[in-house]
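Single-structure report; data block below.
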Amino acid sequence: MDVVDAHCHIISEDVTGYPKAPIGGKQSEWAASRPVTAGGMVARMDETGIGQAVLVQATTNYGYDNSYVLDSARRWPERFVAVGTVDPLRPDAAVSLRAAVSEGGLSGVRLFTSGSTVPTQGEWFVAPETFPFWEQAEELGLPVCLQMRLGPATKQLVELLERFPGVKVLLDHIGYPDIAASPARAGAEVAELGVHPGLHLKLTHRNLERLQDAGDAAGDFLTPVVEAFGAGRIAWGSNCPAAEQSLPELVALAEGVLANLPEPARHEIFAGTARRLYPGLYRPRD
């Protein structure tokens with residue numbers, strides 16, 4: 001099966017060349033206890049049969065310094081593209097974003113709205129100060145991964161999608177819907193957002209574990225979500241090594257939960273969607 005990992009993280013062993021500078025000043029537990037280098041990620045991908053991957057900036061290790069994901073994507077261009085982190089509140093955010101893409105080689109960016117990586121809490125990602133950033137992302141056709149929790153913040157997400165309908169937003173972990181409480185209710189909540197054509201979903205172990213636990217009821221979530229978005233707007237990501245499972249185990253988890261979907265839908269989720277979002281990914285020969 002053709003597989004693209006749309007969400008993994010890497011940490012260099014070279015702390016001089018790539019110094020730690022976590023946003024908020026706190027390094028994440030996984031970055032300290034089970035880091036994986038770019039070379040190590042290639043080896044894990046080879047072991048698992050994953051062709052390409054999206055390197056997502058480890059902000060709890062490097063902050064806004066995207067050097068390691070960029071250097072790694074340049075070293076293995078046939079395997080990786082780089083998604084970095086920027087500060088959209090800076091007055092020069094739009095100019096910096098264009099330079100990071102055209103000169104630096106970023107294929108996408110990721111924003112955090114809550115948690116240890118955000119020094120200021122609140123749904124600031126739709127504040128007027130960020131509009132130049134979103135306008136530039138829309139103009140560039142650049143995917144923006146958004147880490148946020150659905151619920152009170154959903155209103156701001158909808159505001160963003162309506163104000164910038166051409167922007168490509170990739171909702172990390174599908175916004176952490178509460179599948180455990182009610183797969184059907186969580187599925188309906190997510191499906192309502194499918195009317196926004198720019199919104200895409202990133203399906204990771206954080207959702208898949210809950211769906212596995214739900215057993216037959218997993219379809220109560222998956223069916224309305226896939227119908228509303230189409231598999232072409234859903235991408236699988238491992239979240240390795242933030243996830244505690246091995247990469248083969250994470251792929252097996254996704255394959256098991258998604259086994260009842262038609263083969264074309266599984267192809268989109270495991271590879272097709274990511275390649276459309278990130279055209280820099282190497283496309284295997286037919």
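Chains: A, B, ... in order of the structure tokens. Residues: from 1 per chain. Ligands: from 1, in order shown.
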
Q: Name all residues at most 8 Å from region 206-216 of chain A (count only C-alpha atoms; drop same-chain ones fewer than 4 positions away) and give them as a PyMOL selection string.
A: chain A and resi 173-174+176-177+179-180+183+253-254+257

Output the selection as a PDB file, in the first residue's frame - N, CA, C and O atoms for each residue.
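Generated file (out-v3.pdb):
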```pdb
ATOM      1  N   HIS A 173      -5.293  16.407  14.369  1.00  0.00           N
ATOM      2  CA  HIS A 173      -6.010  15.493  15.257  1.00  0.00           C
ATOM      3  C   HIS A 173      -7.527  15.694  15.172  1.00  0.00           C
ATOM      4  O   HIS A 173      -8.248  15.414  16.134  1.00  0.00           O
ATOM      5  N   ILE A 174      -7.972  16.211  14.027  1.00  0.00           N
ATOM      6  CA  ILE A 174      -9.393  16.501  13.777  1.00  0.00           C
ATOM      7  C   ILE A 174      -9.974  17.374  14.894  1.00  0.00           C
ATOM      8  O   ILE A 174     -11.170  17.329  15.188  1.00  0.00           O
ATOM      9  N   TYR A 176      -9.486  17.131  18.082  1.00  0.00           N
ATOM     10  CA  TYR A 176      -9.717  16.375  19.323  1.00  0.00           C
ATOM     11  C   TYR A 176     -11.207  16.183  19.636  1.00  0.00           C
ATOM     12  O   TYR A 176     -11.659  16.471  20.753  1.00  0.00           O
ATOM     13  N   PRO A 177     -12.011  15.712  18.702  1.00  0.00           N
ATOM     14  CA  PRO A 177     -13.426  15.481  19.014  1.00  0.00           C
ATOM     15  C   PRO A 177     -13.561  14.417  20.097  1.00  0.00           C
ATOM     16  O   PRO A 177     -12.746  13.488  20.181  1.00  0.00           O
ATOM     17  N   ILE A 179     -14.710  11.516  20.888  1.00  0.00           N
ATOM     18  CA  ILE A 179     -15.247  10.271  20.346  1.00  0.00           C
ATOM     19  C   ILE A 179     -15.624   9.314  21.469  1.00  0.00           C
ATOM     20  O   ILE A 179     -16.621   8.586  21.375  1.00  0.00           O
ATOM     21  N   ALA A 180     -14.851   9.310  22.552  1.00  0.00           N
ATOM     22  CA  ALA A 180     -15.099   8.375  23.645  1.00  0.00           C
ATOM     23  C   ALA A 180     -16.476   8.588  24.259  1.00  0.00           C
ATOM     24  O   ALA A 180     -17.159   7.629  24.629  1.00  0.00           O
ATOM     25  N   PRO A 183     -19.422   8.598  19.786  1.00  0.00           N
ATOM     26  CA  PRO A 183     -18.940   8.659  18.407  1.00  0.00           C
ATOM     27  C   PRO A 183     -19.912   9.375  17.475  1.00  0.00           C
ATOM     28  O   PRO A 183     -19.496  10.137  16.592  1.00  0.00           O
ATOM     29  N   LEU A 253      -2.673   0.332  13.355  1.00  0.00           N
ATOM     30  CA  LEU A 253      -3.834   0.907  14.028  1.00  0.00           C
ATOM     31  C   LEU A 253      -4.753   1.578  13.011  1.00  0.00           C
ATOM     32  O   LEU A 253      -5.974   1.357  13.007  1.00  0.00           O
ATOM     33  N   ALA A 254      -4.174   2.398  12.143  1.00  0.00           N
ATOM     34  CA  ALA A 254      -4.969   3.102  11.138  1.00  0.00           C
ATOM     35  C   ALA A 254      -5.597   2.129  10.153  1.00  0.00           C
ATOM     36  O   ALA A 254      -6.775   2.253   9.798  1.00  0.00           O
ATOM     37  N   VAL A 257      -8.641   0.363  11.850  1.00  0.00           N
ATOM     38  CA  VAL A 257      -9.824   1.205  12.054  1.00  0.00           C
ATOM     39  C   VAL A 257     -10.499   1.545  10.728  1.00  0.00           C
ATOM     40  O   VAL A 257     -11.731   1.618  10.639  1.00  0.00           O
TER      41      VAL A 257
END
```

Q: Please provide as JSON, numbers by chain all residues within 8 Å of region 135-152 of chain A, with the sequence filter that same-chain residues fewer than 4 positions apart are discarded (counting only C-alpha atoms).
A: {"A": [94, 97, 98, 107, 108, 109, 110, 111, 112, 113, 114, 131, 164, 166, 167, 168, 169, 170, 171, 172, 173, 175, 176, 177, 277, 278]}

Sorted by chain and rising residue number, list the residues of region 61-118 of chain A at most 9 Å from region 25-44 of chain A (counting only C-alpha atoms), each with its closest atom pair and distance in Å to one decimal, as JSON lines.
```
{"residue": "A:Asn61", "atom": "CA", "partner": "A:Gln27", "partner_atom": "CA", "distance": 5.5}
{"residue": "A:Tyr62", "atom": "CA", "partner": "A:Gln27", "partner_atom": "CA", "distance": 8.9}
{"residue": "A:Gly63", "atom": "CA", "partner": "A:Gly25", "partner_atom": "CA", "distance": 8.9}
{"residue": "A:Tyr68", "atom": "CA", "partner": "A:Ala38", "partner_atom": "CA", "distance": 8.6}
{"residue": "A:Val69", "atom": "CA", "partner": "A:Ala38", "partner_atom": "CA", "distance": 8.2}
{"residue": "A:Ser72", "atom": "CA", "partner": "A:Ala38", "partner_atom": "CA", "distance": 6.2}
{"residue": "A:Ala73", "atom": "CA", "partner": "A:Ala38", "partner_atom": "CA", "distance": 8.9}
{"residue": "A:Trp76", "atom": "CA", "partner": "A:Val42", "partner_atom": "CA", "distance": 8.8}
{"residue": "A:Arg79", "atom": "CA", "partner": "A:Val42", "partner_atom": "CA", "distance": 7.7}
{"residue": "A:Ser116", "atom": "CA", "partner": "A:Lys26", "partner_atom": "CA", "distance": 7.0}
{"residue": "A:Thr117", "atom": "CA", "partner": "A:Lys26", "partner_atom": "CA", "distance": 7.7}
```

Save out the residues we just selected, N, CA and C atoms, as a PDB file, in the first residue's frame.
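Listed below is the output, part-v4.pdb:
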```
ATOM      1  N   ASN A  61      10.753  21.892  20.980  1.00  0.00           N
ATOM      2  CA  ASN A  61      12.203  21.711  21.020  1.00  0.00           C
ATOM      3  C   ASN A  61      12.920  22.859  20.322  1.00  0.00           C
ATOM      4  N   TYR A  62      12.360  23.341  19.197  1.00  0.00           N
ATOM      5  CA  TYR A  62      13.049  24.341  18.381  1.00  0.00           C
ATOM      6  C   TYR A  62      12.316  25.672  18.241  1.00  0.00           C
ATOM      7  N   GLY A  63      11.124  25.796  18.760  1.00  0.00           N
ATOM      8  CA  GLY A  63      10.407  27.060  18.635  1.00  0.00           C
ATOM      9  C   GLY A  63      10.199  27.445  17.181  1.00  0.00           C
ATOM     10  N   TYR A  68      16.126  22.573  11.267  1.00  0.00           N
ATOM     11  CA  TYR A  68      16.350  21.132  11.174  1.00  0.00           C
ATOM     12  C   TYR A  68      15.384  20.462  10.196  1.00  0.00           C
ATOM     13  N   VAL A  69      14.107  20.828  10.236  1.00  0.00           N
ATOM     14  CA  VAL A  69      13.186  20.211   9.274  1.00  0.00           C
ATOM     15  C   VAL A  69      13.540  20.634   7.848  1.00  0.00           C
ATOM     16  N   SER A  72      16.729  18.783   6.743  1.00  0.00           N
ATOM     17  CA  SER A  72      16.446  17.363   6.537  1.00  0.00           C
ATOM     18  C   SER A  72      15.680  17.139   5.234  1.00  0.00           C
ATOM     19  N   ALA A  73      14.748  18.052   4.917  1.00  0.00           N
ATOM     20  CA  ALA A  73      14.008  17.933   3.661  1.00  0.00           C
ATOM     21  C   ALA A  73      14.931  18.151   2.469  1.00  0.00           C
ATOM     22  N   TRP A  76      17.030  14.810   2.129  1.00  0.00           N
ATOM     23  CA  TRP A  76      16.248  13.683   1.616  1.00  0.00           C
ATOM     24  C   TRP A  76      15.027  14.207   0.860  1.00  0.00           C
ATOM     25  N   ARG A  79      12.105  11.960   0.143  1.00  0.00           N
ATOM     26  CA  ARG A  79      11.385  11.360   1.273  1.00  0.00           C
ATOM     27  C   ARG A  79      10.590  12.369   2.079  1.00  0.00           C
ATOM     28  N   SER A 116       1.194  23.920  25.964  1.00  0.00           N
ATOM     29  CA  SER A 116       2.472  24.403  26.483  1.00  0.00           C
ATOM     30  C   SER A 116       3.274  25.182  25.457  1.00  0.00           C
ATOM     31  N   THR A 117       2.941  25.006  24.167  1.00  0.00           N
ATOM     32  CA  THR A 117       3.707  25.698  23.135  1.00  0.00           C
ATOM     33  C   THR A 117       3.179  27.089  22.845  1.00  0.00           C
TER      34      THR A 117
END
```

(Q) For region 4-18 of chain A, find every residue with an atom within 7 Å (counting only C-alpha atoms), except residues of its own chain fewer than 5 positions away, and show them as a ChimeraX atom specification. (A) /A:35-38,50-58,68,235-241,270-271,274

Output for the residues just chosen: N, CA and C atoms as an mmCIF file, in the first residue's frame:
```
data_model
loop_
_atom_site.group_PDB
_atom_site.id
_atom_site.type_symbol
_atom_site.label_atom_id
_atom_site.label_comp_id
_atom_site.auth_asym_id
_atom_site.auth_seq_id
_atom_site.Cartn_x
_atom_site.Cartn_y
_atom_site.Cartn_z
ATOM 1 N N PRO A 35 13.469 10.874 21.352
ATOM 2 C CA PRO A 35 13.655 11.645 20.119
ATOM 3 C C PRO A 35 14.065 10.742 18.957
ATOM 4 N N VAL A 36 13.744 11.177 17.751
ATOM 5 C CA VAL A 36 14.130 10.456 16.536
ATOM 6 C C VAL A 36 14.772 11.460 15.586
ATOM 7 N N THR A 37 15.952 11.131 15.093
ATOM 8 C CA THR A 37 16.615 11.998 14.124
ATOM 9 C C THR A 37 15.981 11.810 12.743
ATOM 10 N N ALA A 38 16.352 12.677 11.804
ATOM 11 C CA ALA A 38 15.853 12.539 10.440
ATOM 12 C C ALA A 38 16.299 11.209 9.836
ATOM 13 N N ILE A 50 6.826 3.030 4.408
ATOM 14 C CA ILE A 50 6.302 4.372 4.155
ATOM 15 C C ILE A 50 7.239 5.086 3.200
ATOM 16 N N GLY A 51 6.696 5.572 2.099
ATOM 17 C CA GLY A 51 7.540 6.188 1.087
ATOM 18 C C GLY A 51 7.978 7.596 1.426
ATOM 19 N N GLN A 52 7.020 8.451 1.787
ATOM 20 C CA GLN A 52 7.328 9.858 2.055
ATOM 21 C C GLN A 52 6.650 10.309 3.341
ATOM 22 N N ALA A 53 7.121 11.437 3.872
ATOM 23 C CA ALA A 53 6.548 11.953 5.113
ATOM 24 C C ALA A 53 6.661 13.459 5.161
ATOM 25 N N VAL A 54 5.797 14.041 5.968
ATOM 26 C CA VAL A 54 5.798 15.485 6.225
ATOM 27 C C VAL A 54 6.446 15.701 7.587
ATOM 28 N N LEU A 55 7.585 16.390 7.585
ATOM 29 C CA LEU A 55 8.275 16.697 8.836
ATOM 30 C C LEU A 55 7.660 17.949 9.437
ATOM 31 N N VAL A 56 7.007 17.791 10.566
ATOM 32 C CA VAL A 56 6.334 18.903 11.229
ATOM 33 C C VAL A 56 7.239 19.424 12.350
ATOM 34 N N GLN A 57 7.487 20.699 12.323
ATOM 35 C CA GLN A 57 8.375 21.333 13.286
ATOM 36 C C GLN A 57 8.039 20.963 14.724
ATOM 37 N N ALA A 58 9.046 20.547 15.484
ATOM 38 C CA ALA A 58 8.889 20.249 16.906
ATOM 39 C C ALA A 58 9.054 21.557 17.681
ATOM 40 N N TYR A 68 16.126 22.573 11.267
ATOM 41 C CA TYR A 68 16.350 21.132 11.174
ATOM 42 C C TYR A 68 15.384 20.462 10.196
ATOM 43 N N ALA A 235 -6.309 13.239 5.753
ATOM 44 C CA ALA A 235 -4.957 12.692 5.619
ATOM 45 C C ALA A 235 -4.540 12.019 6.921
ATOM 46 N N TRP A 236 -3.906 10.864 6.791
ATOM 47 C CA TRP A 236 -3.395 10.164 7.974
ATOM 48 C C TRP A 236 -1.999 10.658 8.326
ATOM 49 N N GLY A 237 -1.763 10.804 9.632
ATOM 50 C CA GLY A 237 -0.428 11.129 10.129
ATOM 51 C C GLY A 237 -0.129 10.313 11.371
ATOM 52 N N SER A 238 1.115 9.873 11.512
ATOM 53 C CA SER A 238 1.455 8.967 12.612
ATOM 54 C C SER A 238 1.625 9.679 13.952
ATOM 55 N N ASN A 239 2.105 10.914 13.918
ATOM 56 C CA ASN A 239 2.517 11.650 15.118
ATOM 57 C C ASN A 239 3.705 10.968 15.810
ATOM 58 N N CYS A 240 4.469 10.219 15.050
ATOM 59 C CA CYS A 240 5.690 9.581 15.563
ATOM 60 C C CYS A 240 6.785 10.652 15.719
ATOM 61 N N PRO A 241 7.540 10.667 16.822
ATOM 62 C CA PRO A 241 7.524 9.770 17.972
ATOM 63 C C PRO A 241 6.762 10.322 19.178
ATOM 64 N N PHE A 270 -4.454 7.619 3.121
ATOM 65 C CA PHE A 270 -3.082 7.209 3.395
ATOM 66 C C PHE A 270 -2.049 7.879 2.495
ATOM 67 N N ALA A 271 -2.470 8.474 1.366
ATOM 68 C CA ALA A 271 -1.460 9.044 0.471
ATOM 69 C C ALA A 271 -1.963 10.200 -0.381
ATOM 70 N N ALA A 274 -2.453 13.890 1.137
ATOM 71 C CA ALA A 274 -1.188 14.524 1.509
ATOM 72 C C ALA A 274 -0.437 15.013 0.289
#
```

Q: From a DSSP pass on the backbone, collect the residues of region 128-246 of chain A flagged as alpha helix (DSSP H) and hand them back as number ranges by chain.
A: A: 131-140, 154-163, 183-191, 205-214, 218-229

Q: Once DSSP has gone over the backbone, tell me which residues of region 26-245 of chain A are in strand (DSSP E), as a PyMOL selection string.
A: chain A and resi 52-56+80-84+108-112+144-147+169-171+199-203+234-236
